Amino acid sequence: MTEHTPLPRSLLPLPGESLPGLLLRLAHRLDQRPADIALRAGLAIRITAHPANHLLMLAPQYRPVFTHVTRIPERRIDDLTLRSFVAHYPPVAEALTRLGGSPQLRPRSYFPPWLLGASTRYCPLCLAGDGSEIQRRHGGAWKTQWRLGAVFVCLEHRLFLQDTCPACGVPALGGAEKKLILLPAPTTGGLHPAQCRNIGSDGTVCGDRMDSPDHISQTPRPGPRVIALQQRIQDLLSPAHDPADAFAVFSDLQVLSAIVQTTWPATATVTPERHLARALDAHITEQRQLQFETLPRVRRSNLWVTPPLSASATAGLLDIASRLLDLPPPSTLGLAITALADRMPLPTSTGWGKTWTILRRDCSSAFRTQMIEALPRPFHPRGASPLTAWRRARQPVLPARSRGYLPEHIPQWLPDDWFTAAGLNPAEPFLGHSVVFRRFAAVQLVQMTTGMLFEEAAYFLGIPESWHQAPQQLQRLTPRDSFTHHTDQLPTVLEQLGRHAAQLTTPVNYRSRRLRFGDWTLSPEDWRTLNTSLGRSGRTRPQGLDMLNHACASSMIWTRLTGSEWRLAPSALVYYPDSDPADFDSEQATKIRWLLGRRPDTARSYYQKLHRLLIQHSNDLIEHAHTA
């Protein structure tokens, strides 16, 4: 096959199909090796060169060749990867550096707990297909959702998902080494997509058909409670569900699951399904045996928070965690956690992973409050270590307590009307006109009501790590030098801003907005439509600036949608890959953003008219998000 020329025959992705599954079906239809299909589609010279990256997302540089070769529309590419779950499922967000890094998603080649990167679960009946001619020949879909640790049941066939090949006992589409790979044995051709590709100790491929009906009878059927739990999780993963709510619920379940595993078997009686408890007990027993073995640092630090590979053990773990989470507030859950506290390892013990960071940063406010009140003092969120001056500067100015607003209601970029409504003058250099102070105040407002560490609050707001991860970068977030003579005003100013946030009658959930529109850009089609709507003004717009106007208009809408700084708006380079990045941050670009950001008294000029259309377009996007 000629490199990067369209395939002679292609296949449309099946509903929910993953990229590895599509490669297997294409290779089978064309009688080629999966590695050859991947090479031709521009994914990598060697299919193992970018294992985690392609599972998480197809980066922009791979998309043009992939869509050209496979003839798959670009709008369907994200559905082949885990990127489609980034706003709802915290482990995917962490793997794609969603909130704490660049607004444009970048895979980290790292799969955190509750994300399967070294193998996948599967449903034998789904792999067998739906009986249609195309699926009878090439099989059904290896689904993307099967890589999510919280997905353990096939709701269509009401079966627990399988996790290993019944013949060789090795995790499906994985390997005994548990390395992150896109596909095992990619250079082996002639296999049906449902055949096991795992390589045995003798160097041969297993080849067993994992869609055999004989394998189904070996696993017990899930009960009504487990089916309902999986349905609840599927609803949380739906694009129609509020992303901030889904993000918080999954974070709550992660924290409780870690507590269940570390205190086992104290919670064994919470789940009435004994086979689930037995499966979970087997997993936890194995994990505790690993404590005494030499493990890589990442596995050792996540030892107590890693979910079971077994679907039934995962169901048991999440069943217990969800039952605890559903206890009526405010005291019942607190009493349960207090009773378990004596069995918990110290919060500084190896094995907790990021449990306490997740509690402070990503969990729901109600759950966080109950947990902090119930846990003994060593577990309480504490300020940053005062070992150095730059770390001392990161401590909250005011103590954390309930202040009448939620951290989700704090925008990353505090608007002028917050300062005026709080009785402050945004024109004062110490306040609104200072970029640094606006960033600092937003972080402090989150800290004041949550007790998060400085870095966690900045991550929560979507502020890049590069702005606060090193001492020399601290001035981007902490008013140390420019405001030396005003530090005594900080407590009063922050109290006034917090009071204003608490008095808002219809506060905006900026957290939800940032998750939903985090990587949004104004498409070329919508940009042309907006200019056409301007009539003569659109035809006579400033010549030679169309690309820059498009980028600035996109950043203006994104800023209004998310309450974030325009400096963090997703780059328009996705549509102009050959442009100089400096053009989008030039003096001319700053002037255009200033013109677009003005509130025109009259609408005569191109930019004044465009301003109104952009406001309306952003309002339409917000309204659609509420009704979706």
# chains A, B, ... in the order shown; residues from 1 in each chain; ligands from 1
>>> residues_around(residues="A:Thr187", least_positions_apart="3", cutoff="12 Å", atoms="only C-alpha atoms", output="list in words")
Leu24, Ala27, Gln32, Arg33, Pro34, Ala35, Asp36, Ile37, Ala38, Leu39, Arg46, Ile47, Thr48, Leu183, Pro184, Gly190, Leu191, Arg197, Ile199 and Val205 of chain A
>>> residues_around(residues="A:Glu3", least_positions_apart="5", cutoff="9 Å", atoms="only C-alpha atoms", output="count of residues only")
4
>>> residues_around(residues="A:Pro307", least_positions_apart="4", cutoff="9 Å", atoms="only C-alpha atoms", output="count of residues only")
12
>>> closest_residue(among="A:Leu125, A:Leu568, A:Ile216, A:Ala118", to="A:Leu461", atoms="only C-alpha atoms")
A:Leu568
>>> atom_distance(atom1="atom CA of A:Pro73", atom2="atom CA of A:Ser18")
15.1 Å
>>> closest_residue(among="A:Arg147, A:Arg403, A:Arg209, A:Arg361", to="A:Glu455", atoms="only C-alpha atoms")
A:Arg361
>>> atom_distance(atom1="atom CA of A:Pro570", atom2="atom CA of A:Asp519")
5.7 Å
>>> closest_residue(among="A:Ser554, A:Asp252, A:Pro524, A:Thr81", to="A:Tyr575", atoms="only C-alpha atoms")
A:Pro524
>>> residues_around(residues="A:Ala279", least_positions_apart="4", cutoff="12 Å", atoms="only C-alpha atoms", output="PyMOL selection string")
chain A and resi 219-220+268+273-275+283-286+308-317
>>> select_by_dssp(residues="stretch 58-266 of chain A", states="helix (DSSP H, G or I)", output="ChimeraX atom specification")
/A:60-70,74-76,78-80,82-85,90-95,124-128,133-138,144-147,213-218,224-237,243-263
>>> residues_around(residues="A:Val69", least_positions_apart="3", cutoff="10 Å", atoms="only C-alpha atoms", output="ChimeraX atom specification")
/A:3-10,37,40-42,63-66,72
>>> write_last_selection(atoms="all heavy atoms", output="compact mmCIF listing (two decimals), in the first residue's frame")
# COMPACT_ATOMS: atom_id res chain seq x y z
N GLU A 3 2.05 4.89 0.93
CA GLU A 3 1.93 5.61 2.19
C GLU A 3 1.02 6.82 2.05
O GLU A 3 1.14 7.61 1.10
CB GLU A 3 3.32 6.05 2.66
CG GLU A 3 3.31 6.70 4.03
CD GLU A 3 4.70 7.05 4.48
OE1 GLU A 3 5.64 6.92 3.67
OE2 GLU A 3 4.85 7.48 5.63
N HIS A 4 0.09 6.97 2.98
CA HIS A 4 -0.78 8.14 3.14
C HIS A 4 -1.74 8.33 1.96
O HIS A 4 -2.27 9.42 1.79
CB HIS A 4 0.01 9.42 3.36
CG HIS A 4 0.89 9.37 4.57
ND1 HIS A 4 0.67 8.50 5.60
CD2 HIS A 4 1.99 10.09 4.90
CE1 HIS A 4 1.60 8.68 6.53
NE2 HIS A 4 2.41 9.62 6.13
N THR A 5 -1.97 7.33 1.13
CA THR A 5 -3.02 7.42 0.13
C THR A 5 -4.29 6.81 0.72
O THR A 5 -4.22 5.93 1.58
CB THR A 5 -2.64 6.64 -1.15
OG1 THR A 5 -2.36 5.29 -0.80
CG2 THR A 5 -1.42 7.27 -1.80
N PRO A 6 -5.47 7.27 0.30
CA PRO A 6 -6.71 6.74 0.89
C PRO A 6 -6.81 5.23 0.75
O PRO A 6 -6.37 4.64 -0.25
CB PRO A 6 -7.81 7.46 0.09
CG PRO A 6 -7.15 8.71 -0.39
CD PRO A 6 -5.72 8.34 -0.67
N LEU A 7 -7.38 4.60 1.75
CA LEU A 7 -7.59 3.16 1.71
C LEU A 7 -8.56 2.81 0.59
O LEU A 7 -9.53 3.55 0.34
CB LEU A 7 -8.15 2.67 3.05
CG LEU A 7 -7.24 2.85 4.28
CD1 LEU A 7 -8.01 2.47 5.54
CD2 LEU A 7 -5.98 2.01 4.14
N PRO A 8 -8.36 1.70 -0.09
CA PRO A 8 -9.29 1.33 -1.16
C PRO A 8 -10.70 1.07 -0.64
O PRO A 8 -11.68 1.32 -1.32
CB PRO A 8 -8.66 0.05 -1.73
CG PRO A 8 -7.78 -0.47 -0.65
CD PRO A 8 -7.27 0.74 0.06
N ARG A 9 -10.81 0.56 0.58
CA ARG A 9 -12.10 0.37 1.24
C ARG A 9 -11.92 0.75 2.70
O ARG A 9 -10.92 0.39 3.33
CB ARG A 9 -12.58 -1.09 1.14
CG ARG A 9 -12.83 -1.57 -0.26
CD ARG A 9 -13.38 -2.99 -0.28
NE ARG A 9 -12.49 -3.94 0.38
CZ ARG A 9 -11.44 -4.49 -0.20
NH1 ARG A 9 -11.14 -4.18 -1.44
NH2 ARG A 9 -10.68 -5.34 0.46
N SER A 10 -12.88 1.45 3.23
CA SER A 10 -12.78 1.86 4.63
C SER A 10 -14.01 1.37 5.38
O SER A 10 -14.88 0.67 4.83
CB SER A 10 -12.65 3.39 4.75
OG SER A 10 -12.37 3.76 6.08
N ILE A 37 -1.77 -0.53 8.61
CA ILE A 37 -2.87 0.44 8.57
C ILE A 37 -2.50 1.68 9.38
O ILE A 37 -2.73 2.81 8.95
CB ILE A 37 -4.16 -0.20 9.12
CG1 ILE A 37 -4.55 -1.44 8.30
CG2 ILE A 37 -5.29 0.82 9.13
CD1 ILE A 37 -4.90 -1.13 6.87
N ARG A 40 0.07 3.77 7.48
CA ARG A 40 -0.53 4.46 6.34
C ARG A 40 -1.40 5.62 6.79
O ARG A 40 -1.48 6.65 6.11
CB ARG A 40 -1.36 3.47 5.52
CG ARG A 40 -1.95 4.08 4.25
CD ARG A 40 -2.43 2.99 3.33
NE ARG A 40 -3.08 3.52 2.15
CZ ARG A 40 -3.49 2.79 1.13
NH1 ARG A 40 -3.30 1.48 1.15
NH2 ARG A 40 -4.09 3.34 0.09
N ALA A 41 -2.06 5.47 7.95
CA ALA A 41 -2.92 6.53 8.47
C ALA A 41 -2.14 7.62 9.19
O ALA A 41 -2.73 8.55 9.73
CB ALA A 41 -3.97 5.94 9.41
N GLY A 42 -0.80 7.49 9.22
CA GLY A 42 0.02 8.56 9.79
C GLY A 42 0.11 8.58 11.29
O GLY A 42 0.50 9.60 11.87
N ARG A 63 -4.38 14.34 12.65
CA ARG A 63 -5.76 14.30 12.14
C ARG A 63 -5.88 14.42 10.63
O ARG A 63 -6.66 13.68 10.02
CB ARG A 63 -6.60 15.37 12.84
CG ARG A 63 -6.85 15.05 14.30
CD ARG A 63 -7.57 16.20 15.00
NE ARG A 63 -7.84 15.84 16.38
CZ ARG A 63 -9.05 15.73 16.91
NH1 ARG A 63 -10.11 15.96 16.16
NH2 ARG A 63 -9.21 15.38 18.16
N PRO A 64 -5.17 15.38 9.97
CA PRO A 64 -5.38 15.51 8.51
C PRO A 64 -5.08 14.23 7.76
O PRO A 64 -5.86 13.83 6.88
CB PRO A 64 -4.40 16.64 8.15
CG PRO A 64 -4.23 17.43 9.40
CD PRO A 64 -4.27 16.41 10.50
N VAL A 65 -3.96 13.58 8.06
CA VAL A 65 -3.61 12.35 7.34
C VAL A 65 -4.61 11.24 7.67
O VAL A 65 -5.05 10.50 6.79
CB VAL A 65 -2.17 11.92 7.68
CG1 VAL A 65 -1.88 10.54 7.10
CG2 VAL A 65 -1.18 12.93 7.16
N PHE A 66 -4.97 11.13 8.96
CA PHE A 66 -5.90 10.07 9.37
C PHE A 66 -7.24 10.20 8.67
O PHE A 66 -7.78 9.21 8.16
CB PHE A 66 -6.08 10.12 10.89
CG PHE A 66 -6.92 9.00 11.43
CD1 PHE A 66 -6.36 7.76 11.69
CD2 PHE A 66 -8.27 9.18 11.68
CE1 PHE A 66 -7.13 6.71 12.18
CE2 PHE A 66 -9.05 8.14 12.17
CZ PHE A 66 -8.47 6.90 12.42
N ILE A 72 -12.79 9.01 7.31
CA ILE A 72 -13.66 9.21 8.47
C ILE A 72 -13.75 10.70 8.76
O ILE A 72 -12.72 11.36 8.87
CB ILE A 72 -13.11 8.45 9.69
CG1 ILE A 72 -13.15 6.95 9.42
CG2 ILE A 72 -13.91 8.78 10.95
CD1 ILE A 72 -12.49 6.12 10.50
>>> closest_residue(among="A:Leu340, A:Val170, A:Met210, A:Leu82", to="A:Leu324", atoms="only C-alpha atoms")
A:Leu340
>>> decode(residues="stretch 548-600 of chain A", atoms="C-alpha atoms", output="compact mmCIF listing (two decimals), in the first residue's frame")
# COMPACT_ATOMS: atom_id res chain seq x y z
CA LEU A 548 -6.05 37.68 13.33
CA ASN A 549 -9.65 38.92 13.63
CA HIS A 550 -10.85 35.31 13.67
CA ALA A 551 -8.40 34.39 16.45
CA CYS A 552 -9.30 37.44 18.55
CA ALA A 553 -13.03 36.94 18.08
CA SER A 554 -12.65 33.30 19.15
CA SER A 555 -10.71 34.30 22.27
CA MET A 556 -13.31 36.94 23.17
CA ILE A 557 -16.17 34.42 23.04
CA TRP A 558 -14.13 31.80 24.93
CA THR A 559 -13.27 34.31 27.66
CA ARG A 560 -16.91 35.23 28.08
CA LEU A 561 -17.98 31.58 28.16
CA THR A 562 -15.43 30.43 30.75
CA GLY A 563 -14.67 33.55 32.80
CA SER A 564 -10.99 33.03 32.00
CA GLU A 565 -8.14 35.14 30.64
CA TRP A 566 -7.87 35.61 26.90
CA ARG A 567 -4.17 34.68 27.19
CA LEU A 568 -5.31 31.12 27.89
CA ALA A 569 -7.83 30.90 25.05
CA PRO A 570 -7.25 27.87 22.78
CA SER A 571 -5.03 28.96 19.94
CA ALA A 572 -6.51 29.55 16.51
CA LEU A 573 -3.43 27.76 15.19
CA VAL A 574 -5.65 24.69 14.94
CA TYR A 575 -7.07 26.41 11.84
CA TYR A 576 -3.86 28.25 10.84
CA PRO A 577 -1.05 25.74 11.48
CA ASP A 578 1.47 27.57 9.28
CA SER A 579 1.15 30.91 11.06
CA ASP A 580 3.64 32.52 13.40
CA PRO A 581 2.35 32.05 17.00
CA ALA A 582 3.70 35.50 17.87
CA ASP A 583 1.08 37.06 15.59
CA PHE A 584 -1.71 36.03 17.97
CA ASP A 585 -0.06 37.80 20.90
CA SER A 586 1.22 40.85 19.05
CA GLU A 587 0.48 44.53 19.64
CA GLN A 588 -1.95 44.43 16.72
CA ALA A 589 -3.78 41.48 18.28
CA THR A 590 -4.00 43.31 21.61
CA LYS A 591 -5.51 46.32 19.86
CA ILE A 592 -8.11 44.15 18.10
CA ARG A 593 -9.07 42.49 21.39
CA TRP A 594 -9.42 45.94 22.94
CA LEU A 595 -11.71 47.05 20.08
CA LEU A 596 -13.81 43.90 20.35
CA GLY A 597 -14.05 44.19 24.13
CA ARG A 598 -15.43 47.75 24.12
CA ARG A 599 -19.09 48.39 24.82
CA PRO A 600 -20.02 50.50 21.80
